[in-house]
>>> print(open('run.cif').read())   # mmCIF, C-alpha atoms
data_work
#
loop_
_atom_site.group_PDB
_atom_site.id
_atom_site.type_symbol
_atom_site.label_atom_id
_atom_site.label_comp_id
_atom_site.auth_asym_id
_atom_site.auth_seq_id
_atom_site.Cartn_x
_atom_site.Cartn_y
_atom_site.Cartn_z
ATOM 1 C CA MET G 1 -120.254 61.920 -104.690
ATOM 2 C CA GLU G 2 -121.506 65.363 -104.091
ATOM 3 C CA ASN G 3 -121.166 68.140 -106.628
ATOM 4 C CA LEU G 4 -119.658 71.400 -105.499
ATOM 5 C CA ASN G 5 -119.755 74.970 -106.680
ATOM 6 C CA GLN G 6 -117.126 76.126 -109.134
ATOM 7 C CA THR G 7 -114.599 76.948 -106.441
ATOM 8 C CA SER G 8 -111.687 75.004 -105.075
ATOM 9 C CA PRO G 9 -112.557 73.294 -101.757
ATOM 10 C CA ASN G 10 -110.359 73.845 -98.691
ATOM 11 C CA VAL G 11 -110.365 70.120 -97.910
ATOM 12 C CA PHE G 12 -110.064 67.034 -100.108
ATOM 13 C CA ILE G 13 -111.028 63.456 -99.263
ATOM 14 C CA LEU G 14 -108.536 60.779 -100.305
ATOM 15 C CA LEU G 15 -110.527 57.637 -101.118
ATOM 16 C CA GLY G 16 -107.467 55.442 -100.645
ATOM 17 C CA LEU G 17 -106.652 52.010 -102.027
ATOM 18 C CA SER G 18 -109.463 49.845 -100.695
ATOM 19 C CA HIS G 19 -112.881 50.129 -99.069
ATOM 20 C CA VAL G 20 -112.986 46.552 -97.731
ATOM 21 C CA PRO G 21 -113.064 46.852 -93.882
ATOM 22 C CA ASP G 22 -111.767 43.326 -93.212
ATOM 23 C CA LEU G 23 -108.602 43.978 -95.232
ATOM 24 C CA LYS G 24 -107.646 47.290 -93.608
ATOM 25 C CA VAL G 25 -105.461 45.771 -90.883
ATOM 26 C CA ILE G 26 -103.705 43.492 -93.400
ATOM 27 C CA TYR G 27 -103.052 46.410 -95.761
ATOM 28 C CA PHE G 28 -101.807 48.535 -92.858
ATOM 29 C CA LEU G 29 -99.321 45.840 -91.787
ATOM 30 C CA ILE G 30 -98.089 45.323 -95.372
ATOM 31 C CA TYR G 31 -97.482 49.066 -95.904
ATOM 32 C CA LEU G 32 -95.866 49.397 -92.481
ATOM 33 C CA VAL G 33 -93.442 46.507 -93.124
ATOM 34 C CA MET G 34 -92.573 47.912 -96.568
ATOM 35 C CA TYR G 35 -91.975 51.360 -95.062
ATOM 36 C CA ILE G 36 -89.710 49.951 -92.327
ATOM 37 C CA ILE G 37 -87.716 48.002 -94.948
ATOM 38 C CA THR G 38 -87.420 51.175 -97.066
ATOM 39 C CA LEU G 39 -86.131 53.265 -94.157
ATOM 40 C CA SER G 40 -83.792 50.540 -92.873
ATOM 41 C CA GLY G 41 -82.353 49.514 -96.244
ATOM 42 C CA ASN G 42 -81.731 53.023 -97.548
ATOM 43 C CA SER G 43 -80.416 54.313 -94.199
ATOM 44 C CA LEU G 44 -78.001 51.377 -94.030
ATOM 45 C CA LEU G 45 -76.798 52.062 -97.570
ATOM 46 C CA ILE G 46 -76.243 55.771 -96.794
ATOM 47 C CA THR G 47 -74.340 54.863 -93.608
ATOM 48 C CA VAL G 48 -72.159 52.277 -95.363
ATOM 49 C CA VAL G 49 -71.238 54.649 -98.201
ATOM 50 C CA SER G 50 -70.510 57.584 -95.884
ATOM 51 C CA THR G 51 -68.364 55.584 -93.411
ATOM 52 C CA ASN G 52 -66.330 53.527 -95.900
ATOM 53 C CA PRO G 53 -63.635 55.595 -97.691
ATOM 54 C CA THR G 54 -63.285 52.955 -100.440
ATOM 55 C CA LEU G 55 -66.885 53.711 -101.477
ATOM 56 C CA HIS G 56 -66.270 57.446 -101.894
ATOM 57 C CA THR G 57 -66.571 57.195 -105.678
ATOM 58 C CA PRO G 58 -69.019 58.820 -108.130
ATOM 59 C CA MET G 59 -71.132 55.659 -108.441
ATOM 60 C CA TYR G 60 -71.724 55.403 -104.689
ATOM 61 C CA PHE G 61 -72.134 59.181 -104.384
ATOM 62 C CA PHE G 62 -75.080 58.986 -106.795
ATOM 63 C CA LEU G 63 -76.335 55.819 -105.132
ATOM 64 C CA SER G 64 -76.411 57.471 -101.698
ATOM 65 C CA ASN G 65 -78.243 60.453 -103.231
ATOM 66 C CA LEU G 66 -80.769 57.996 -104.660
ATOM 67 C CA SER G 67 -81.252 56.519 -101.182
ATOM 68 C CA VAL G 68 -81.888 59.971 -99.699
ATOM 69 C CA ILE G 69 -84.514 60.577 -102.395
ATOM 70 C CA ASP G 70 -86.149 57.185 -101.779
ATOM 71 C CA VAL G 71 -86.407 57.742 -98.017
ATOM 72 C CA SER G 72 -87.898 61.203 -98.582
ATOM 73 C CA PHE G 73 -90.214 60.030 -101.379
ATOM 74 C CA SER G 74 -91.559 57.140 -99.313
ATOM 75 C CA SER G 75 -91.946 59.376 -96.231
ATOM 76 C CA THR G 76 -94.026 61.826 -98.269
ATOM 77 C CA ILE G 77 -96.528 59.120 -99.289
ATOM 78 C CA VAL G 78 -96.567 56.095 -96.966
ATOM 79 C CA PRO G 79 -97.410 57.789 -93.601
ATOM 80 C CA VAL G 80 -100.533 59.250 -95.245
ATOM 81 C CA ILE G 81 -101.477 55.776 -96.541
ATOM 82 C CA LEU G 82 -100.990 54.280 -93.063
ATOM 83 C CA ILE G 83 -103.169 56.925 -91.407
ATOM 84 C CA ASN G 84 -105.914 56.766 -94.036
ATOM 85 C CA THR G 85 -105.994 52.955 -94.022
ATOM 86 C CA LEU G 86 -107.243 52.784 -90.422
ATOM 87 C CA SER G 87 -108.762 56.240 -89.961
ATOM 88 C CA LYS G 88 -112.345 57.120 -90.821
ATOM 89 C CA ASP G 89 -111.285 60.707 -91.518
ATOM 90 C CA ARG G 90 -109.386 60.658 -94.826
ATOM 91 C CA SER G 91 -109.449 64.400 -95.324
ATOM 92 C CA ILE G 92 -106.385 66.420 -96.273
ATOM 93 C CA SER G 93 -106.179 70.199 -96.372
ATOM 94 C CA LEU G 94 -105.621 72.124 -99.583
ATOM 95 C CA LEU G 95 -102.205 73.247 -98.312
ATOM 96 C CA GLY G 96 -101.285 69.734 -97.157
ATOM 97 C CA CYS G 97 -102.277 68.324 -100.530
ATOM 98 C CA ALA G 98 -100.252 70.980 -102.366
ATOM 99 C CA PHE G 99 -97.173 70.214 -100.260
ATOM 100 C CA GLN G 100 -97.539 66.468 -100.814
ATOM 101 C CA MET G 101 -97.939 66.951 -104.567
ATOM 102 C CA PHE G 102 -94.963 69.321 -104.673
ATOM 103 C CA PHE G 103 -92.577 67.007 -102.819
ATOM 104 C CA SER G 104 -93.671 63.888 -104.730
ATOM 105 C CA LEU G 105 -93.046 65.701 -108.041
ATOM 106 C CA LEU G 106 -89.749 67.150 -106.816
ATOM 107 C CA LEU G 107 -88.427 63.806 -105.562
ATOM 108 C CA GLY G 108 -89.834 61.753 -108.460
ATOM 109 C CA GLY G 109 -88.359 64.107 -111.060
ATOM 110 C CA THR G 110 -84.990 64.182 -109.304
ATOM 111 C CA GLU G 111 -84.891 60.382 -109.180
ATOM 112 C CA CYS G 112 -85.558 60.238 -112.933
ATOM 113 C CA ILE G 113 -82.595 62.492 -113.647
ATOM 114 C CA ILE G 114 -80.292 60.830 -111.088
ATOM 115 C CA LEU G 115 -80.956 57.432 -112.692
ATOM 116 C CA SER G 116 -79.943 58.826 -116.097
ATOM 117 C CA ILE G 117 -76.790 60.361 -114.573
ATOM 118 C CA MET G 118 -75.932 56.973 -113.055
ATOM 119 C CA ALA G 119 -76.209 55.446 -116.533
ATOM 120 C CA TYR G 120 -73.830 58.112 -117.882
ATOM 121 C CA ASP G 121 -71.465 57.373 -114.979
ATOM 122 C CA ARG G 122 -71.433 53.673 -115.951
ATOM 123 C CA PHE G 123 -70.812 54.687 -119.581
ATOM 124 C CA ALA G 124 -67.821 56.819 -118.559
ATOM 125 C CA ALA G 125 -66.421 54.052 -116.297
ATOM 126 C CA ILE G 126 -66.725 51.267 -118.863
ATOM 127 C CA CYS G 127 -66.245 53.075 -122.190
ATOM 128 C CA LYS G 128 -63.785 55.790 -121.098
ATOM 129 C CA PRO G 129 -61.850 54.196 -118.203
ATOM 130 C CA LEU G 130 -58.633 56.169 -118.784
ATOM 131 C CA HIS G 131 -60.461 59.499 -118.626
ATOM 132 C CA TYR G 132 -63.047 58.496 -116.004
ATOM 133 C CA ASN G 133 -61.558 60.460 -113.098
ATOM 134 C CA ILE G 134 -61.435 63.591 -115.255
ATOM 135 C CA ILE G 135 -64.929 63.179 -116.730
ATOM 136 C CA MET G 136 -66.589 62.339 -113.380
ATOM 137 C CA ASN G 137 -64.568 64.436 -110.942
ATOM 138 C CA ARG G 138 -66.177 65.559 -107.672
ATOM 139 C CA LYS G 139 -67.089 69.036 -108.959
ATOM 140 C CA VAL G 140 -68.907 67.543 -111.975
ATOM 141 C CA CYS G 141 -70.767 65.058 -109.759
ATOM 142 C CA VAL G 142 -71.969 67.762 -107.364
ATOM 143 C CA CYS G 143 -73.022 70.015 -110.262
ATOM 144 C CA LEU G 144 -75.005 67.173 -111.879
ATOM 145 C CA VAL G 145 -76.867 66.486 -108.620
ATOM 146 C CA LEU G 146 -77.625 70.205 -108.147
ATOM 147 C CA VAL G 147 -78.933 70.446 -111.721
ATOM 148 C CA SER G 148 -81.180 67.446 -111.023
ATOM 149 C CA TRP G 149 -82.691 69.031 -107.922
ATOM 150 C CA ASN G 150 -83.053 72.504 -109.444
ATOM 151 C CA GLY G 151 -84.644 71.216 -112.666
ATOM 152 C CA SER G 152 -87.144 69.124 -110.711
ATOM 153 C CA LEU G 153 -87.832 72.071 -108.387
ATOM 154 C CA VAL G 154 -88.874 74.288 -111.318
ATOM 155 C CA ASN G 155 -91.079 71.523 -112.725
ATOM 156 C CA ALA G 156 -92.738 70.790 -109.356
ATOM 157 C CA LEU G 157 -93.525 74.470 -108.718
ATOM 158 C CA THR G 158 -94.962 74.847 -112.221
ATOM 159 C CA GLN G 159 -97.153 71.730 -112.046
ATOM 160 C CA VAL G 160 -98.516 72.423 -108.565
ATOM 161 C CA THR G 161 -99.305 76.056 -109.413
ATOM 162 C CA LEU G 162 -101.174 75.069 -112.594
ATOM 163 C CA THR G 163 -103.046 72.248 -110.831
ATOM 164 C CA PHE G 164 -104.411 74.386 -108.006
ATOM 165 C CA GLN G 165 -105.471 77.147 -110.383
ATOM 166 C CA LEU G 166 -108.129 74.734 -111.626
ATOM 167 C CA THR G 167 -111.643 74.803 -110.212
ATOM 168 C CA PHE G 168 -112.875 71.507 -108.808
ATOM 169 C CA CYS G 169 -116.655 71.514 -109.163
ATOM 170 C CA ARG G 170 -117.285 67.821 -109.746
ATOM 171 C CA SER G 171 -116.267 66.569 -106.306
ATOM 172 C CA HIS G 172 -113.699 66.996 -103.563
ATOM 173 C CA HIS G 173 -113.326 63.201 -103.291
ATOM 174 C CA VAL G 174 -109.955 62.284 -104.827
ATOM 175 C CA ASN G 175 -109.959 58.707 -106.150
ATOM 176 C CA HIS G 176 -106.377 58.049 -105.103
ATOM 177 C CA TYR G 177 -104.262 57.341 -102.017
ATOM 178 C CA PHE G 178 -102.243 60.573 -102.337
ATOM 179 C CA CYS G 179 -102.478 63.923 -104.108
ATOM 180 C CA GLU G 180 -101.368 63.107 -107.657
ATOM 181 C CA ILE G 181 -101.999 65.335 -110.686
ATOM 182 C CA PRO G 182 -103.924 62.907 -112.986
ATOM 183 C CA ALA G 183 -106.539 62.302 -110.275
ATOM 184 C CA PHE G 184 -106.999 66.065 -109.778
ATOM 185 C CA ILE G 185 -107.317 66.790 -113.493
ATOM 186 C CA LYS G 186 -110.216 64.339 -113.521
ATOM 187 C CA LEU G 187 -112.042 66.540 -110.971
ATOM 188 C CA SER G 188 -111.677 69.770 -112.942
ATOM 189 C CA CYS G 189 -114.854 71.388 -114.263
ATOM 190 C CA LYS G 190 -113.007 73.294 -116.995
ATOM 191 C CA ASP G 191 -110.828 72.061 -119.821
ATOM 192 C CA PRO G 192 -107.377 71.374 -118.290
ATOM 193 C CA TRP G 193 -105.569 71.496 -121.653
ATOM 194 C CA LEU G 194 -102.815 73.736 -120.260
ATOM 195 C CA ASN G 195 -102.187 71.292 -117.407
ATOM 196 C CA GLU G 196 -102.035 68.346 -119.779
ATOM 197 C CA LEU G 197 -99.712 70.226 -122.114
ATOM 198 C CA SER G 198 -97.376 71.124 -119.244
ATOM 199 C CA ILE G 199 -97.343 67.484 -118.083
ATOM 200 C CA TYR G 200 -96.452 66.218 -121.567
ATOM 201 C CA VAL G 201 -93.749 68.874 -121.969
ATOM 202 C CA ALA G 202 -92.269 68.102 -118.530
ATOM 203 C CA ALA G 203 -92.473 64.365 -119.177
ATOM 204 C CA GLY G 204 -90.828 64.885 -122.554
ATOM 205 C CA ILE G 205 -88.001 66.933 -121.100
ATOM 206 C CA ILE G 206 -87.404 64.977 -117.899
ATOM 207 C CA VAL G 207 -88.645 61.409 -118.336
ATOM 208 C CA ILE G 208 -88.252 60.723 -122.057
ATOM 209 C CA PHE G 209 -84.982 62.666 -122.444
ATOM 210 C CA ALA G 210 -83.532 60.925 -119.376
ATOM 211 C CA PHE G 211 -84.783 57.552 -120.630
ATOM 212 C CA PHE G 212 -83.134 58.010 -124.037
ATOM 213 C CA LEU G 213 -79.912 59.157 -122.362
ATOM 214 C CA ILE G 214 -79.957 55.870 -120.440
ATOM 215 C CA LEU G 215 -80.724 53.935 -123.614
ATOM 216 C CA ILE G 216 -77.882 55.549 -125.590
ATOM 217 C CA SER G 217 -75.463 55.049 -122.668
ATOM 218 C CA TYR G 218 -76.280 51.355 -122.466
ATOM 219 C CA ILE G 219 -75.993 50.837 -126.228
ATOM 220 C CA HIS G 220 -72.395 52.079 -125.964
ATOM 221 C CA ILE G 221 -71.821 50.086 -122.755
ATOM 222 C CA ILE G 222 -73.041 46.805 -124.257
ATOM 223 C CA SER G 223 -70.986 47.413 -127.399
ATOM 224 C CA THR G 224 -67.857 47.992 -125.288
ATOM 225 C CA VAL G 225 -68.504 45.075 -122.907
ATOM 226 C CA LEU G 226 -68.907 42.610 -125.790
ATOM 227 C CA LYS G 227 -65.399 43.544 -126.936
ATOM 228 C CA ILE G 228 -63.883 42.582 -123.558
ATOM 229 C CA ARG G 229 -61.974 39.323 -124.024
ATOM 230 C CA SER G 230 -62.078 38.255 -120.394
ATOM 231 C CA SER G 231 -65.316 36.480 -119.467
ATOM 232 C CA GLU G 232 -64.804 37.573 -115.851
ATOM 233 C CA GLY G 233 -64.494 41.206 -116.966
ATOM 234 C CA ARG G 234 -67.666 40.963 -119.052
ATOM 235 C CA GLN G 235 -69.559 39.363 -116.191
ATOM 236 C CA LYS G 236 -68.457 42.064 -113.723
ATOM 237 C CA ALA G 237 -69.458 44.868 -116.109
ATOM 238 C CA PHE G 238 -72.855 43.309 -116.865
ATOM 239 C CA SER G 239 -73.468 42.624 -113.171
ATOM 240 C CA THR G 240 -72.873 46.284 -112.280
ATOM 241 C CA CYS G 241 -75.222 47.486 -115.021
ATOM 242 C CA ALA G 242 -77.933 44.860 -114.409
ATOM 243 C CA SER G 243 -78.832 46.338 -111.005
ATOM 244 C CA HIS G 244 -79.215 49.807 -112.466
ATOM 245 C CA LEU G 245 -81.250 48.579 -115.446
ATOM 246 C CA THR G 246 -83.646 46.706 -113.140
ATOM 247 C CA VAL G 247 -84.372 49.893 -111.189
ATOM 248 C CA VAL G 248 -84.722 51.956 -114.376
ATOM 249 C CA ILE G 249 -87.222 49.585 -115.984
ATOM 250 C CA LEU G 250 -89.334 49.367 -112.829
ATOM 251 C CA PHE G 251 -89.324 53.108 -112.109
ATOM 252 C CA TYR G 252 -89.566 54.555 -115.626
ATOM 253 C CA GLY G 253 -92.049 51.976 -116.874
ATOM 254 C CA THR G 254 -94.593 52.718 -114.143
ATOM 255 C CA ILE G 255 -94.174 56.500 -114.026
ATOM 256 C CA MET G 256 -94.455 56.844 -117.817
ATOM 257 C CA PHE G 257 -97.639 54.731 -117.785
ATOM 258 C CA VAL G 258 -99.328 57.127 -115.334
ATOM 259 C CA TYR G 259 -98.159 60.497 -116.661
ATOM 260 C CA LEU G 260 -98.122 59.906 -120.423
ATOM 261 C CA GLN G 261 -101.590 58.441 -120.841
ATOM 262 C CA LEU G 262 -104.514 60.449 -122.199
ATOM 263 C CA ARG G 263 -107.155 61.853 -119.858
ATOM 264 C CA THR G 264 -109.765 59.588 -121.505
ATOM 265 C CA SER G 265 -107.600 56.586 -120.590
ATOM 266 C CA PHE G 266 -107.569 57.377 -116.863
ATOM 267 C CA PHE G 267 -108.472 54.230 -114.901
ATOM 268 C CA PRO G 268 -108.361 54.974 -111.139
ATOM 269 C CA LYS G 269 -107.895 51.389 -109.907
ATOM 270 C CA THR G 270 -105.144 50.612 -112.410
ATOM 271 C CA ASP G 271 -103.411 53.944 -111.850
ATOM 272 C CA LYS G 272 -103.397 53.482 -108.070
ATOM 273 C CA ILE G 273 -101.805 50.049 -108.375
ATOM 274 C CA ILE G 274 -99.207 51.270 -110.891
ATOM 275 C CA SER G 275 -98.436 54.335 -108.733
ATOM 276 C CA LEU G 276 -97.661 52.033 -105.804
ATOM 277 C CA PHE G 277 -94.638 50.730 -107.701
ATOM 278 C CA TYR G 278 -92.776 54.041 -107.987
ATOM 279 C CA THR G 279 -93.958 55.521 -104.671
ATOM 280 C CA VAL G 280 -93.707 52.501 -102.361
ATOM 281 C CA VAL G 281 -92.198 49.408 -104.025
ATOM 282 C CA THR G 282 -89.222 50.935 -105.891
ATOM 283 C CA PRO G 283 -87.881 52.918 -102.869
ATOM 284 C CA MET G 284 -87.999 49.666 -100.894
ATOM 285 C CA LEU G 285 -86.318 47.533 -103.588
ATOM 286 C CA ASN G 286 -83.551 49.965 -104.653
ATOM 287 C CA PRO G 287 -81.099 49.284 -101.788
ATOM 288 C CA ILE G 288 -81.852 45.534 -101.984
ATOM 289 C CA ILE G 289 -81.251 45.381 -105.756
ATOM 290 C CA TYR G 290 -78.009 47.353 -105.552
ATOM 291 C CA SER G 291 -76.705 45.472 -102.497
ATOM 292 C CA ILE G 292 -77.442 41.891 -103.585
ATOM 293 C CA ARG G 293 -75.308 42.156 -106.741
ATOM 294 C CA ASN G 294 -72.610 44.363 -105.213
ATOM 295 C CA LYS G 295 -69.735 42.695 -103.345
ATOM 296 C CA ASP G 296 -68.293 46.032 -102.146
ATOM 297 C CA VAL G 297 -71.568 47.011 -100.468
ATOM 298 C CA LYS G 298 -72.106 43.542 -98.966
ATOM 299 C CA ASN G 299 -68.547 43.455 -97.554
ATOM 300 C CA SER G 300 -68.962 46.952 -96.136
ATOM 301 C CA VAL G 301 -72.248 45.977 -94.473
ATOM 302 C CA VAL G 302 -70.617 42.909 -92.895
ATOM 303 C CA LYS G 303 -67.704 45.038 -91.590
ATOM 304 C CA LEU G 304 -70.127 47.648 -90.213
ATOM 305 C CA VAL G 305 -72.216 45.004 -88.417
ATOM 306 C CA LYS G 306 -69.084 43.347 -86.940
ATOM 307 C CA ARG G 307 -67.838 46.747 -85.767
ATOM 308 C CA LYS G 308 -71.166 47.453 -84.040
ATOM 309 C CA ILE G 309 -71.154 43.999 -82.389
ATOM 310 C CA ASN G 310 -67.605 44.524 -81.103
ATOM 311 C CA LEU G 311 -68.584 47.912 -79.672
ATOM 312 C CA LEU G 312 -71.518 46.335 -77.836
ATOM 313 C CA LYS G 313 -69.263 43.638 -76.365
ATOM 314 C CA THR G 314 -66.774 46.162 -74.957
#
>>> encode(input="run.cif", output="structure tokens")
Amino acid sequence: MENLNQTSPNVFILLGLSHVPDLKVIYFLIYLVMYIITLSGNSLLITVVSTNPTLHTPMYFFLSNLSVIDVSFSSTIVPVILINTLSKDRSISLLGCAFQMFFSLLLGGTECIILSIMAYDRFAAICKPLHYNIIMNRKVCVCLVLVSWNGSLVNALTQVTLTFQLTFCRSHHVNHYFCEIPAFIKLSCKDPWLNELSIYVAAGIIVIFAFFLILISYIHIISTVLKIRSSEGRQKAFSTCASHLTVVILFYGTIMFVYLQLRTSFFPKTDKIISLFYTVVTPMLNPIIYSIRNKDVKNSVVKLVKRKINLLKT
């Protein structure tokens, strides 16, 4: 890799996931199929929730917001992967890289907070059922979503600004498949202590705080569920929470691994594989995980499909 002067280049080269020519077509097809599943699954979930009045509840309001985030998150990353997998030119402009980094941070941060809000929603529904409609009224739900977006917006602007104030003298070859902060810090020719500090502070405020909010919510939920005498009631409560916990573990576990490790522990190959989980895999799995264990969603999907078939017959 070539060394550059102590100025930020106007173009970066994304090295991507693999350099094996024979596997490029296979990788392209895998990413394309995953992207189609992500768009189809999340779009279907948004449509089902918006068209079925019985699903106009806080839980499905947050779930549809999560689907919007997943579609946007995946669309920020995957098209670039698809292009770079087959193209010889893997360059991305400074402005394009900044925009990609901004939107990935904005959407990733918002998803972290939304997942913690969904845990609180489950806590209110299971532990405070008599006051649930008051605690999680529509105004509160909208305010919580707006706080999520605005908080992540401030963080994304801060992180992107600090990142592109660095000088990249080591190389303009980014050992990643998209513009992610840890890979850029590795290229800096000056001590990026301020960047690392801001990442740890943001991770502490957003990721760790949200994670502990989820943890505390589920401690109360499990305690309440175990007191339910009906085995059917316990099973229903655990089934609802299991889907959410699966998504939380997959998303938080991978994102904390990448953003809370030390600079000296940066392993490009491992980080790229781990990053795939929260940028590509989780957005694809979210609607599947929530739909498989949810009778209301499955019934609504069946009704929607039957309605479409009847319209085609007429």
>>> residues_around(input="run.cif", residues="G:Phe73", least_positions_apart="4", cutoff="9 Å", atoms="only C-alpha atoms", output="PDB file with C-alpha atoms, in the coordinates of the input")
ATOM      1  CA  VAL G  68     -81.888  59.971 -99.699  1.00  0.00           C
ATOM      2  CA  ILE G  69     -84.514  60.577-102.395  1.00  0.00           C
ATOM      3  CA  ILE G  77     -96.528  59.120 -99.289  1.00  0.00           C
ATOM      4  CA  VAL G  78     -96.567  56.095 -96.966  1.00  0.00           C
ATOM      5  CA  PHE G 103     -92.577  67.007-102.819  1.00  0.00           C
ATOM      6  CA  SER G 104     -93.671  63.888-104.730  1.00  0.00           C
ATOM      7  CA  LEU G 106     -89.749  67.150-106.816  1.00  0.00           C
ATOM      8  CA  LEU G 107     -88.427  63.806-105.562  1.00  0.00           C
ATOM      9  CA  GLY G 108     -89.834  61.753-108.460  1.00  0.00           C
ATOM     10  CA  THR G 279     -93.958  55.521-104.671  1.00  0.00           C
ATOM     11  CA  VAL G 280     -93.707  52.501-102.361  1.00  0.00           C
ATOM     12  CA  PRO G 283     -87.881  52.918-102.869  1.00  0.00           C
TER      13      PRO G 283
END
>>> residues_around(input="run.cif", residues="stretch 40-49 of chain G", least_positions_apart="5", cutoff="6 Å", atoms="only C-alpha atoms", output="list in words")
Leu55, Ser64, Ser67 and Pro287 of chain G
>>> resolve_selection(input="run.cif", expression="the PyMOL selection byres ((chain G and resi 218) around 9)", output="short mmCIF file (atom, residue, chain, number, x, y, z; two decimals) with C-alpha atoms, keeping the file's coordinate frame")
data_model
loop_
_atom_site.label_atom_id
_atom_site.label_comp_id
_atom_site.auth_asym_id
_atom_site.auth_seq_id
_atom_site.Cartn_x
_atom_site.Cartn_y
_atom_site.Cartn_z
CA ALA G 119 -76.21 55.45 -116.53
CA TYR G 120 -73.83 58.11 -117.88
CA ARG G 122 -71.43 53.67 -115.95
CA PHE G 123 -70.81 54.69 -119.58
CA LEU G 213 -79.91 59.16 -122.36
CA ILE G 214 -79.96 55.87 -120.44
CA LEU G 215 -80.72 53.94 -123.61
CA ILE G 216 -77.88 55.55 -125.59
CA SER G 217 -75.46 55.05 -122.67
CA ILE G 219 -75.99 50.84 -126.23
CA HIS G 220 -72.40 52.08 -125.96
CA ILE G 221 -71.82 50.09 -122.76
CA ILE G 222 -73.04 46.80 -124.26
CA SER G 223 -70.99 47.41 -127.40
CA CYS G 241 -75.22 47.49 -115.02
#
>>> closest_residue(input="run.cif", among="G:Ser152, G:Ser188, G:Ser50, G:Asn294", to="G:Ser171", atoms="only C-alpha atoms")
G:Ser188
>>> resolve_selection(input="run.cif", expression="the PyMOL selection byres ((chain G and resi 86) around 8)", output="VMD selection string")
chain G and resid 24 to 25 28 82 to 85 87 to 88
>>> atom_distance(input="run.cif", atom1="atom CA of G:Ile205", atom2="atom CA of G:His244")
21.1 Å
>>> atom_distance(input="run.cif", atom1="atom CA of G:Val142", atom2="atom CA of G:Tyr252")
23.5 Å
>>> closest_residue(input="run.cif", among="G:Phe257, G:Gly109, G:Phe168, G:Leu187", to="G:Val147", atoms="only C-alpha atoms")
G:Gly109
